[in-house]
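Trainee: Shown below is the structure under consideration.
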Amino acid sequence: MFYATLATACAALTGLLFVALTLNADILRRAENAHLLDMARQAFSEFILVLMVALVFLVPHQTPVGLGIALIALSSFYALATVRYIRKVQNRSRRAKAGRVFTRGAVLSIVGCVGVLVVGIAVLLHWLFAFYLLVFMLAAAMAGASRYAWFLLTQRGDGAPGAR
């Protein structure tokens, strides 16, 4: 039941992210706001990671080996994407506020990713207590994605943070 609820929450939050992007489409199209598009991509990938982990747990008759390999593969792919986005944002944009928001969110993302990787390895070693740790790791990934989504939603028309 937990993973079905988690998958549903990810789907809902992804929908809200699309609303935020739609409301700020004019801002995202500007060259000086390319970092915002990077944040949107990162938030989307984090929601998809959590959704994929939830779906892996919803597969009937899943074996520990299949579960462990799936968690390791998902977290490894996601870790590479996160590092890529961090480098991209740091190289392209030196705007202090945007860089800080992205970096703080990226720390939560990396914590979630490393946690999913560790849980995947622990499952392969039959350390089943690791499932309890996974809840915190998925929460960290959701927090990072939600932080990006909130930042995007609260952008003013001039690209600066603030209420609409």
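Here, A, B, ... name the chains of the structure tokens in the order displayed, residue numbers run from 1 inside each chain, and ligands are numbered from 1 in the same displayed order.
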Contacts of Val56 (chain A) at 12 Å or less, counting only C-alpha atoms, minus same-chain residues fewer than 6 places along, as a ChimeraX atom specification?
Mentor: /A:3-4,6-7,49-50,62-64,66-74,120
Trainee: Would you mind listing what lies within 12 Å of Tyr132 (chain A) as an mmCIF file with N, CA and C atoms, in the first residue's frame, with only C-alpha atoms counted and same-chain residues fewer than 4 positions away left out?
Mentor:
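Written output follows (result.cif):
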data_model
loop_
_atom_site.group_PDB
_atom_site.id
_atom_site.type_symbol
_atom_site.label_atom_id
_atom_site.label_comp_id
_atom_site.auth_asym_id
_atom_site.auth_seq_id
_atom_site.Cartn_x
_atom_site.Cartn_y
_atom_site.Cartn_z
ATOM 1 N N PHE A 2 1.982 1.231 0.726
ATOM 2 C CA PHE A 2 2.874 2.396 0.793
ATOM 3 C C PHE A 2 3.373 2.778 -0.596
ATOM 4 N N GLY A 115 21.219 6.734 -1.071
ATOM 5 C CA GLY A 115 20.435 5.854 -0.209
ATOM 6 C C GLY A 115 19.787 4.716 -0.971
ATOM 7 N N VAL A 116 19.222 5.015 -2.135
ATOM 8 C CA VAL A 116 18.604 3.962 -2.946
ATOM 9 C C VAL A 116 19.672 2.965 -3.399
ATOM 10 N N VAL A 118 22.510 2.227 -1.800
ATOM 11 C CA VAL A 118 22.891 1.433 -0.624
ATOM 12 C C VAL A 118 21.822 0.390 -0.311
ATOM 13 N N VAL A 119 20.569 0.777 -0.414
ATOM 14 C CA VAL A 119 19.480 -0.173 -0.168
ATOM 15 C C VAL A 119 19.510 -1.287 -1.200
ATOM 16 N N ALA A 122 22.210 -3.602 -0.163
ATOM 17 C CA ALA A 122 21.798 -4.308 1.053
ATOM 18 C C ALA A 122 20.779 -5.407 0.746
ATOM 19 N N VAL A 123 19.885 -5.150 -0.192
ATOM 20 C CA VAL A 123 18.898 -6.164 -0.568
ATOM 21 C C VAL A 123 19.603 -7.365 -1.202
ATOM 22 N N TRP A 127 20.066 -8.070 3.538
ATOM 23 C CA TRP A 127 19.916 -7.250 4.728
ATOM 24 C C TRP A 127 18.590 -6.522 4.600
ATOM 25 N N LEU A 128 17.536 -7.179 4.970
ATOM 26 C CA LEU A 128 16.195 -6.671 4.712
ATOM 27 C C LEU A 128 15.799 -5.460 5.566
ATOM 28 N N PHE A 136 13.273 6.842 4.052
ATOM 29 C CA PHE A 136 13.929 8.138 4.239
ATOM 30 C C PHE A 136 14.614 8.605 2.954
ATOM 31 N N MET A 137 15.178 7.683 2.207
ATOM 32 C CA MET A 137 15.851 8.049 0.963
ATOM 33 C C MET A 137 14.853 8.560 -0.076
ATOM 34 N N LEU A 138 13.727 7.909 -0.162
ATOM 35 C CA LEU A 138 12.697 8.353 -1.101
ATOM 36 C C LEU A 138 12.120 9.695 -0.658
ATOM 37 N N ALA A 139 12.015 9.896 0.640
ATOM 38 C CA ALA A 139 11.548 11.189 1.151
ATOM 39 C C ALA A 139 12.546 12.292 0.787
#
Trainee: May I have the residues within 9 Å of Ala11 (chain A) as a PyMOL selection string, using only C-alpha atoms and disregarding those fewer than 4 positions away in the same chain?
Mentor: chain A and resi 6-7+15-16+47-48+51
Trainee: When distances are computed from only C-alpha atoms, which of A:Val111, A:Ala34, A:Ala40, A:Met1 shows the smallest separation from Gln90 (chain A)?
Mentor: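 Closest to Gln90 (chain A) of all the choices is A:Ala34.
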Trainee: A:Ala43, A:Ala130, A:Ile86, A:Leu117: which is nearest Met142 (chain A), counting only C-alpha atoms?
Mentor: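 With only C-alpha atoms as the atom set, the closest residue is A:Ala43.
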Trainee: Ser146 (chain A): which residues within 9 Å, counting only C-alpha atoms, same-chain residues fewer than 5 positions away excluded, as a list in words?
Mentor: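 Here the qualifying residues turn out to be Leu13, Leu17, Ala43, Phe47, Gly105, Ala141 and Phe151 of chain A.
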Trainee: Please measure the separation of CA of Phe57 (chain A) and CA of Thr8 (chain A), giving the value in Å to one decimal.
Mentor: 13.5 Å
Trainee: With only C-alpha atoms as the basis for distance, which of A:Leu21, A:Ala143, A:Met39, A:Val135 is at the shortest distance from Leu108 (chain A)?
Mentor: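 Under the stated criterion, the closest residue is A:Ala143.
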Trainee: Identify, with DSSP run on backbone atoms, the residues in chain A assigned to helix (DSSP H, G or I), and express the list as a PyMOL selection string.
Mentor: chain A and resi 2-23+25-28+31-58+64-92+96-124+130-153
Trainee: Report the distance between CA of Arg147 (chain A) and CA of Ala106 (chain A) in Å, rounded to one decimal place.
Mentor: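 Distance between the two atoms: 9.8 Å.
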Trainee: Rank nothing, just name the residue among A:Leu28, A:Leu37, A:Leu23, A:Leu133 nearest to Tyr148 (chain A), using only C-alpha atoms.
Mentor: A:Leu37
